[in-house]
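Q: Enclosed is the structure file start26.cif (mmCIF, N, CA and C atoms).
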```cif
data_work
loop_
_atom_site.label_atom_id
_atom_site.label_comp_id
_atom_site.auth_asym_id
_atom_site.auth_seq_id
_atom_site.Cartn_x
_atom_site.Cartn_y
_atom_site.Cartn_z
N MET A 242 -12.65 23.44 -49.75
CA MET A 242 -12.78 22.02 -49.58
C MET A 242 -12.84 21.72 -48.08
N SER A 243 -13.78 20.90 -47.66
CA SER A 243 -13.91 20.58 -46.24
C SER A 243 -12.89 19.51 -45.84
N GLN A 244 -12.44 19.63 -44.62
CA GLN A 244 -11.44 18.69 -44.10
C GLN A 244 -12.14 17.47 -43.53
N LYS A 245 -11.67 16.30 -43.88
CA LYS A 245 -12.24 15.05 -43.38
C LYS A 245 -11.44 14.59 -42.17
N ILE A 246 -12.14 14.03 -41.22
CA ILE A 246 -11.49 13.54 -40.00
C ILE A 246 -11.82 12.06 -39.84
N ILE A 247 -10.81 11.29 -39.57
CA ILE A 247 -10.98 9.87 -39.28
C ILE A 247 -10.67 9.68 -37.81
N THR A 248 -11.56 9.03 -37.09
CA THR A 248 -11.35 8.76 -35.67
C THR A 248 -11.02 7.28 -35.50
N LEU A 249 -9.90 7.00 -34.89
CA LEU A 249 -9.49 5.62 -34.62
C LEU A 249 -9.60 5.36 -33.12
N CYS A 250 -9.91 4.14 -32.77
CA CYS A 250 -9.93 3.74 -31.36
C CYS A 250 -8.82 2.73 -31.15
N TYR A 251 -8.07 2.91 -30.09
CA TYR A 251 -6.96 2.03 -29.76
C TYR A 251 -7.12 1.63 -28.30
N ARG A 252 -6.97 0.37 -28.00
CA ARG A 252 -7.12 -0.12 -26.63
C ARG A 252 -5.82 -0.78 -26.20
N LYS A 253 -5.33 -0.35 -25.07
CA LYS A 253 -4.11 -0.93 -24.51
C LYS A 253 -4.47 -1.51 -23.16
N ILE A 254 -4.24 -2.79 -22.99
CA ILE A 254 -4.52 -3.44 -21.72
C ILE A 254 -3.20 -3.59 -20.98
N ILE A 255 -3.16 -3.04 -19.78
CA ILE A 255 -1.96 -3.10 -18.95
C ILE A 255 -2.27 -3.98 -17.75
N ASP A 256 -1.49 -5.05 -17.62
CA ASP A 256 -1.66 -5.94 -16.47
C ASP A 256 -0.28 -6.35 -15.97
N ASP A 257 -0.25 -7.31 -15.10
CA ASP A 257 1.00 -7.73 -14.47
C ASP A 257 1.99 -8.35 -15.45
N SER A 258 1.52 -8.78 -16.62
CA SER A 258 2.40 -9.45 -17.58
C SER A 258 3.16 -8.48 -18.49
N ASN A 259 2.80 -7.20 -18.48
CA ASN A 259 3.50 -6.23 -19.33
C ASN A 259 4.96 -6.12 -18.92
N SER A 260 5.84 -5.96 -19.90
CA SER A 260 7.27 -5.97 -19.60
C SER A 260 7.94 -4.60 -19.64
N SER A 261 7.33 -3.61 -20.29
CA SER A 261 8.01 -2.31 -20.37
C SER A 261 7.93 -1.59 -19.02
N HIS A 262 8.93 -0.78 -18.75
CA HIS A 262 8.97 -0.05 -17.49
C HIS A 262 7.78 0.89 -17.36
N TRP A 263 7.43 1.57 -18.44
CA TRP A 263 6.31 2.51 -18.42
C TRP A 263 5.02 1.79 -18.04
N ASP A 264 4.78 0.64 -18.66
CA ASP A 264 3.58 -0.15 -18.37
C ASP A 264 3.56 -0.60 -16.91
N LYS A 265 4.71 -1.03 -16.41
CA LYS A 265 4.79 -1.47 -15.01
C LYS A 265 4.49 -0.33 -14.05
N PHE A 266 5.03 0.85 -14.32
CA PHE A 266 4.76 2.00 -13.45
C PHE A 266 3.27 2.37 -13.46
N VAL A 267 2.67 2.37 -14.64
CA VAL A 267 1.25 2.67 -14.75
C VAL A 267 0.43 1.64 -13.99
N HIS A 268 0.77 0.38 -14.15
CA HIS A 268 0.04 -0.70 -13.47
C HIS A 268 0.15 -0.57 -11.95
N GLU A 269 1.35 -0.37 -11.46
CA GLU A 269 1.56 -0.29 -10.02
C GLU A 269 0.89 0.94 -9.41
N ASP A 270 1.05 2.09 -10.05
CA ASP A 270 0.47 3.32 -9.50
C ASP A 270 -1.05 3.31 -9.59
N SER A 271 -1.59 2.79 -10.67
CA SER A 271 -3.06 2.74 -10.78
C SER A 271 -3.63 1.73 -9.78
N PHE A 272 -2.91 0.65 -9.51
CA PHE A 272 -3.38 -0.33 -8.52
C PHE A 272 -3.37 0.27 -7.12
N LEU A 273 -2.32 1.00 -6.78
CA LEU A 273 -2.27 1.65 -5.46
C LEU A 273 -3.40 2.67 -5.31
N GLU A 274 -3.64 3.44 -6.34
CA GLU A 274 -4.73 4.42 -6.30
C GLU A 274 -6.08 3.71 -6.22
N PHE A 275 -6.21 2.62 -6.94
CA PHE A 275 -7.44 1.82 -6.90
C PHE A 275 -7.70 1.32 -5.49
N LYS A 276 -6.68 0.78 -4.85
CA LYS A 276 -6.84 0.29 -3.47
C LYS A 276 -7.26 1.41 -2.53
N MET A 277 -6.64 2.56 -2.68
CA MET A 277 -6.94 3.69 -1.82
C MET A 277 -8.36 4.21 -2.06
N GLN A 278 -8.71 4.46 -3.31
CA GLN A 278 -10.02 5.01 -3.64
C GLN A 278 -11.16 4.04 -3.34
N SER A 279 -10.92 2.75 -3.50
CA SER A 279 -11.99 1.77 -3.30
C SER A 279 -12.35 1.59 -1.83
N GLN A 280 -11.51 2.04 -0.92
CA GLN A 280 -11.82 1.92 0.51
C GLN A 280 -13.13 2.62 0.86
N PHE A 281 -13.42 3.72 0.20
CA PHE A 281 -14.66 4.44 0.45
C PHE A 281 -15.88 3.58 0.11
N TYR A 282 -15.79 2.79 -0.96
CA TYR A 282 -16.90 1.97 -1.41
C TYR A 282 -16.94 0.60 -0.75
N ASN A 283 -15.87 0.21 -0.12
CA ASN A 283 -15.74 -1.13 0.46
C ASN A 283 -15.27 -1.01 1.92
N GLN A 284 -15.94 -0.17 2.68
CA GLN A 284 -15.49 0.14 4.04
C GLN A 284 -15.49 -1.08 4.96
N ASP A 285 -16.38 -2.01 4.75
CA ASP A 285 -16.44 -3.21 5.59
C ASP A 285 -15.49 -4.31 5.11
N GLY A 286 -14.86 -4.10 3.96
CA GLY A 286 -13.98 -5.13 3.39
C GLY A 286 -14.76 -6.35 2.95
N LYS A 287 -16.01 -6.14 2.62
CA LYS A 287 -16.93 -7.21 2.27
C LYS A 287 -16.64 -7.81 0.89
N TYR A 288 -16.10 -7.00 -0.01
CA TYR A 288 -15.90 -7.43 -1.39
C TYR A 288 -14.42 -7.58 -1.69
N GLY A 289 -14.10 -8.58 -2.50
CA GLY A 289 -12.71 -8.87 -2.81
C GLY A 289 -12.25 -8.40 -4.18
N THR A 290 -13.22 -8.12 -5.06
CA THR A 290 -12.86 -7.72 -6.42
C THR A 290 -13.66 -6.50 -6.86
N PHE A 291 -13.17 -5.87 -7.89
CA PHE A 291 -13.85 -4.71 -8.46
C PHE A 291 -15.20 -5.13 -9.04
N ALA A 292 -15.29 -6.30 -9.64
CA ALA A 292 -16.56 -6.77 -10.22
C ALA A 292 -17.63 -6.91 -9.14
N GLU A 293 -17.27 -7.44 -7.98
CA GLU A 293 -18.22 -7.56 -6.87
C GLU A 293 -18.68 -6.19 -6.40
N LEU A 294 -17.74 -5.28 -6.34
CA LEU A 294 -18.06 -3.92 -5.92
C LEU A 294 -19.05 -3.26 -6.89
N LEU A 295 -18.82 -3.43 -8.18
CA LEU A 295 -19.73 -2.86 -9.18
C LEU A 295 -21.14 -3.43 -9.07
N MET A 296 -21.22 -4.73 -8.77
CA MET A 296 -22.53 -5.38 -8.68
C MET A 296 -23.32 -4.94 -7.44
N HIS A 297 -22.63 -4.64 -6.36
CA HIS A 297 -23.32 -4.45 -5.09
C HIS A 297 -23.31 -3.03 -4.52
N VAL A 298 -22.43 -2.17 -5.02
CA VAL A 298 -22.30 -0.84 -4.43
C VAL A 298 -22.63 0.24 -5.46
N PRO A 299 -23.71 0.97 -5.23
CA PRO A 299 -24.06 2.06 -6.15
C PRO A 299 -22.94 3.12 -6.18
N GLY A 300 -22.62 3.57 -7.35
CA GLY A 300 -21.62 4.62 -7.51
C GLY A 300 -20.19 4.12 -7.63
N ALA A 301 -19.98 2.82 -7.49
CA ALA A 301 -18.61 2.27 -7.56
C ALA A 301 -18.01 2.44 -8.95
N ASP A 302 -18.84 2.65 -9.96
CA ASP A 302 -18.33 2.86 -11.32
C ASP A 302 -17.54 4.16 -11.43
N LYS A 303 -17.63 5.03 -10.44
CA LYS A 303 -16.84 6.27 -10.43
C LYS A 303 -15.36 5.98 -10.24
N LEU A 304 -15.03 4.78 -9.81
CA LEU A 304 -13.62 4.43 -9.60
C LEU A 304 -12.80 4.53 -10.88
N HIS A 305 -13.40 4.29 -12.02
CA HIS A 305 -12.67 4.44 -13.29
C HIS A 305 -12.08 5.84 -13.36
N PHE A 306 -12.92 6.84 -13.14
CA PHE A 306 -12.49 8.23 -13.20
C PHE A 306 -11.53 8.57 -12.06
N LEU A 307 -11.85 8.15 -10.86
CA LEU A 307 -11.03 8.49 -9.69
C LEU A 307 -9.61 7.94 -9.81
N VAL A 308 -9.49 6.74 -10.32
CA VAL A 308 -8.17 6.10 -10.44
C VAL A 308 -7.38 6.69 -11.61
N SER A 309 -8.06 7.18 -12.62
CA SER A 309 -7.36 7.72 -13.79
C SER A 309 -6.43 8.88 -13.44
N ALA A 310 -6.71 9.58 -12.35
CA ALA A 310 -5.83 10.68 -11.93
C ALA A 310 -4.41 10.21 -11.67
N ALA A 311 -4.25 8.96 -11.27
CA ALA A 311 -2.93 8.42 -10.95
C ALA A 311 -2.06 8.22 -12.19
N ILE A 312 -2.66 8.19 -13.37
CA ILE A 312 -1.87 7.90 -14.57
C ILE A 312 -1.76 9.07 -15.54
N THR A 313 -2.39 10.18 -15.25
CA THR A 313 -2.35 11.29 -16.21
C THR A 313 -0.93 11.81 -16.42
N GLY A 314 -0.09 11.78 -15.40
CA GLY A 314 1.31 12.19 -15.56
C GLY A 314 2.06 11.29 -16.53
N TYR A 315 1.77 10.01 -16.47
CA TYR A 315 2.40 9.07 -17.40
C TYR A 315 1.95 9.34 -18.83
N LEU A 316 0.69 9.67 -19.00
CA LEU A 316 0.20 9.98 -20.35
C LEU A 316 0.83 11.24 -20.90
N ARG A 317 1.07 12.22 -20.05
CA ARG A 317 1.75 13.45 -20.50
C ARG A 317 3.15 13.14 -21.02
N GLN A 318 3.81 12.16 -20.42
CA GLN A 318 5.16 11.78 -20.86
C GLN A 318 5.17 11.32 -22.32
N LEU A 319 4.05 10.83 -22.80
CA LEU A 319 3.98 10.32 -24.17
C LEU A 319 3.89 11.44 -25.20
N ASN A 320 3.64 12.67 -24.77
CA ASN A 320 3.51 13.82 -25.67
C ASN A 320 2.51 13.57 -26.79
N GLY A 321 1.42 12.89 -26.46
CA GLY A 321 0.37 12.67 -27.45
C GLY A 321 0.67 11.62 -28.50
N ILE A 322 1.71 10.83 -28.30
CA ILE A 322 2.09 9.79 -29.27
C ILE A 322 1.79 8.41 -28.67
N ILE A 323 1.13 7.56 -29.44
CA ILE A 323 0.88 6.18 -29.00
C ILE A 323 2.18 5.41 -29.17
N PRO A 324 2.76 4.91 -28.07
CA PRO A 324 4.10 4.32 -28.15
C PRO A 324 4.17 2.93 -28.78
N ASP A 325 3.06 2.24 -28.87
CA ASP A 325 3.09 0.85 -29.32
C ASP A 325 2.89 0.66 -30.81
N ILE A 326 2.56 1.72 -31.52
CA ILE A 326 2.28 1.60 -32.96
C ILE A 326 3.40 2.30 -33.73
N LEU A 327 4.05 1.52 -34.58
CA LEU A 327 5.20 2.01 -35.34
C LEU A 327 4.89 1.97 -36.84
N ASP A 328 5.57 2.85 -37.59
CA ASP A 328 5.43 2.80 -39.05
C ASP A 328 6.42 1.78 -39.62
N ASN A 329 6.54 1.73 -40.95
CA ASN A 329 7.42 0.74 -41.60
C ASN A 329 8.88 0.88 -41.21
N LEU A 330 9.27 2.08 -40.80
CA LEU A 330 10.67 2.33 -40.42
C LEU A 330 10.90 2.22 -38.91
N GLY A 331 9.87 1.81 -38.17
CA GLY A 331 10.01 1.64 -36.73
C GLY A 331 9.85 2.92 -35.94
N ARG A 332 9.27 3.94 -36.56
CA ARG A 332 9.07 5.22 -35.88
C ARG A 332 7.65 5.33 -35.33
N ARG A 333 7.56 5.97 -34.18
CA ARG A 333 6.24 6.25 -33.60
C ARG A 333 5.65 7.44 -34.34
N PHE A 334 4.41 7.33 -34.76
CA PHE A 334 3.82 8.39 -35.58
C PHE A 334 2.36 8.70 -35.24
N LEU A 335 1.66 7.77 -34.63
CA LEU A 335 0.23 7.92 -34.42
C LEU A 335 -0.03 8.71 -33.14
N THR A 336 -0.78 9.79 -33.26
CA THR A 336 -1.04 10.66 -32.12
C THR A 336 -2.42 10.40 -31.52
N PHE A 337 -2.59 10.84 -30.28
CA PHE A 337 -3.90 10.77 -29.65
C PHE A 337 -4.19 12.10 -28.95
N GLU A 338 -5.46 12.38 -28.83
CA GLU A 338 -5.89 13.60 -28.13
C GLU A 338 -6.66 13.27 -26.87
N ASN A 339 -7.43 12.23 -26.90
CA ASN A 339 -8.30 11.86 -25.77
C ASN A 339 -7.96 10.46 -25.30
N PHE A 340 -8.25 10.22 -24.03
CA PHE A 340 -8.10 8.87 -23.52
C PHE A 340 -9.21 8.59 -22.52
N LYS A 341 -9.47 7.33 -22.32
CA LYS A 341 -10.44 6.90 -21.32
C LYS A 341 -9.82 5.73 -20.57
N PHE A 342 -9.69 5.89 -19.28
CA PHE A 342 -9.12 4.85 -18.44
C PHE A 342 -10.25 4.00 -17.89
N GLU A 343 -10.09 2.68 -17.96
CA GLU A 343 -11.08 1.76 -17.40
C GLU A 343 -10.39 0.68 -16.60
N ILE A 344 -10.98 0.37 -15.47
CA ILE A 344 -10.53 -0.77 -14.69
C ILE A 344 -11.30 -1.97 -15.24
N ILE A 345 -10.59 -2.94 -15.76
CA ILE A 345 -11.28 -4.10 -16.33
C ILE A 345 -11.75 -5.01 -15.20
N ASN A 346 -10.85 -5.39 -14.35
CA ASN A 346 -11.19 -6.11 -13.13
C ASN A 346 -9.94 -6.12 -12.27
N SER A 347 -10.11 -6.13 -10.99
CA SER A 347 -8.99 -6.13 -10.08
C SER A 347 -9.38 -6.80 -8.79
N ASP A 348 -8.41 -7.45 -8.21
CA ASP A 348 -8.54 -8.02 -6.88
C ASP A 348 -7.93 -7.00 -5.92
N PHE A 349 -8.62 -6.67 -4.86
CA PHE A 349 -8.13 -5.64 -3.95
C PHE A 349 -6.83 -6.01 -3.24
N ASN A 350 -6.58 -7.29 -3.12
CA ASN A 350 -5.43 -7.73 -2.31
C ASN A 350 -4.28 -8.32 -3.10
N ASP A 351 -4.44 -8.48 -4.40
CA ASP A 351 -3.40 -9.14 -5.18
C ASP A 351 -3.17 -8.40 -6.49
N ILE A 352 -2.06 -7.69 -6.59
CA ILE A 352 -1.76 -6.91 -7.79
C ILE A 352 -1.58 -7.79 -9.03
N GLU A 353 -1.19 -9.05 -8.84
CA GLU A 353 -1.03 -9.95 -9.97
C GLU A 353 -2.37 -10.30 -10.61
N LYS A 354 -3.45 -10.16 -9.87
CA LYS A 354 -4.78 -10.42 -10.41
C LYS A 354 -5.44 -9.13 -10.86
N ALA A 355 -4.72 -8.04 -10.78
CA ALA A 355 -5.29 -6.74 -11.16
C ALA A 355 -5.24 -6.54 -12.65
#
```
Mind turning the file's structure into structure tokens?
A:
Amino acid sequence: MSQKIITLCYRKIIDDSNSSHWDKFVHEDSFLEFKMQSQFYNQDGKYGTFAELLMHVPGADKLHFLVSAAITGYLRQLNGIIPDILDNLGRRFLTFENFKFEIINSDFNDIEKA
């Protein structure tokens, strides 16, 4: 008998309003990495947001990948378990194998707008 596989997609948006410590650490560290990595694409300081950078600078979409390095350690802490989804008894049970980090939009100078 062949084994059937179901693939689920889960999206977690982390911004300044998240209250858990893990979310805050991910947000702060990814923002710092974003600021550092984006300097290469915004050397003149001409652009104030990630959206502007994407519109005007070729290759700026690589920032998604470059910034993701800052959060891989946090993902390892999860041991492949999605922390936000619980079963009827309040236990974490849903696992993940792959992830994709994306910068939705960020202001280079204000973490609250990141």
Q: Need to verify the contact set: Ala301 of chain A, 7 Å, only C-alpha atoms, exclusion of same-chain residues closer than 5 positions in sequence. Can you return it as a PDB file with N, CA and C atoms, keeping the file's coordinate frame?
A:
```
ATOM      1  N   TYR A 282     -15.790   2.790  -0.960  1.00  0.00           N
ATOM      2  CA  TYR A 282     -16.900   1.970  -1.410  1.00  0.00           C
ATOM      3  C   TYR A 282     -16.940   0.600  -0.750  1.00  0.00           C
ATOM      4  N   LEU A 294     -17.740  -5.280  -6.340  1.00  0.00           N
ATOM      5  CA  LEU A 294     -18.060  -3.920  -5.920  1.00  0.00           C
ATOM      6  C   LEU A 294     -19.050  -3.260  -6.890  1.00  0.00           C
ATOM      7  N   LEU A 295     -18.820  -3.430  -8.180  1.00  0.00           N
ATOM      8  CA  LEU A 295     -19.730  -2.860  -9.180  1.00  0.00           C
ATOM      9  C   LEU A 295     -21.140  -3.430  -9.070  1.00  0.00           C
TER      10      LEU A 295
END
```
Q: Might you spell out which residues the PyMOL selection byres ((chain A and resi 251-256) around 7) would select in the displayed file, as a ChimeraX atom specification?
A: /A:249-250,257-259,264,268,353,355
Q: Counting all atoms listed in the file, find residues at most 8 Å from (8.4, 5.6, -19.5) (file frame) and give them as a list in words.
A: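 Every polymer residue passing the test: Ser261, His262, Trp263, Asp264, Phe266, Tyr315, Gln318 and Leu319 of chain A.
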Q: Can you list, as a ChimeraX atom specification, all residues belonging to chain A that DSSP tags as alpha helix (DSSP H)?
A: /A:262-279,291-297,304-309,313-318
Q: Using only C-alpha atoms, which protein or nucleic acid residues come within 7 Å of Phe349 of chain A? Drop anything in the same chain fewer than 3 positions from it, and give the result as a CSV table (one decimal) with N, CA and C atoms, keeping the file's coordinate frame.
A:
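File written: selection.csv
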```csv
chain,number,residue,atom,x,y,z
A,276,LYS,N,-6.7,0.8,-4.8
A,276,LYS,CA,-6.8,0.3,-3.5
A,276,LYS,C,-7.3,1.4,-2.5
A,289,GLY,N,-14.1,-8.6,-2.5
A,289,GLY,CA,-12.7,-8.9,-2.8
A,289,GLY,C,-12.2,-8.4,-4.2
A,290,THR,N,-13.2,-8.1,-5.1
A,290,THR,CA,-12.9,-7.7,-6.4
A,290,THR,C,-13.7,-6.5,-6.9
```
Q: Report the distance between atom CA of Phe275 of chain A and atom CA of Val308 of chain A in Å, rounded to one decimal place.
A: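 Taking atom CA of Phe275 of chain A and atom CA of Val308 of chain A, their separation equals 5.6 Å.
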Q: Can you sort out the box for segment 282-299 of chain A, edges along x, y and z, all listed atoms in, 3 Å on every side, with centre and edge lengths in Å to one decimal, as AutoDock Vina command-line options?
A:
```
--center_x -18.2 --center_y -2.9 --center_z -2.3 --size_x 17.8 --size_y 18.0 --size_z 21.8
```
Q: May I ask which of the residues A:Thr248, A:Gln278, A:Ser347, A:Ser260 is the closest one to Leu307 of chain A, counting all atoms listed in the file?
A: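 For Leu307 of chain A, the nearest of the given residues is A:Gln278.
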Q: In Å, how far is it from atom CA of Ile323 of chain A to atom CA of Ala310 of chain A?
A: 18.9 Å
Q: Would you mind listing what lies within 8 Å of segment 330-343 of chain A as a list of chain:residue names, with all atoms listed in the file counted and same-chain residues fewer than 6 positions away left out?
A: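 With the cut-off at 8 Å, the set is A:Leu304, A:His305, A:Phe306, A:Val308, A:Ser309, A:Asn320, A:Gly321, A:Ile322, A:Ile323, A:Pro324.
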Q: To test your reading of the structure, identify every residue in segment 244-351 of chain A that backbone DSSP assigns to strand (DSSP E or B), and report it as a list in words.
A: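 Filtering segment 244-351 of chain A down to strand (DSSP E or B) leaves Thr290, Ile322, Leu327, Arg333, Thr336, Asp348 and Asp351 of chain A.
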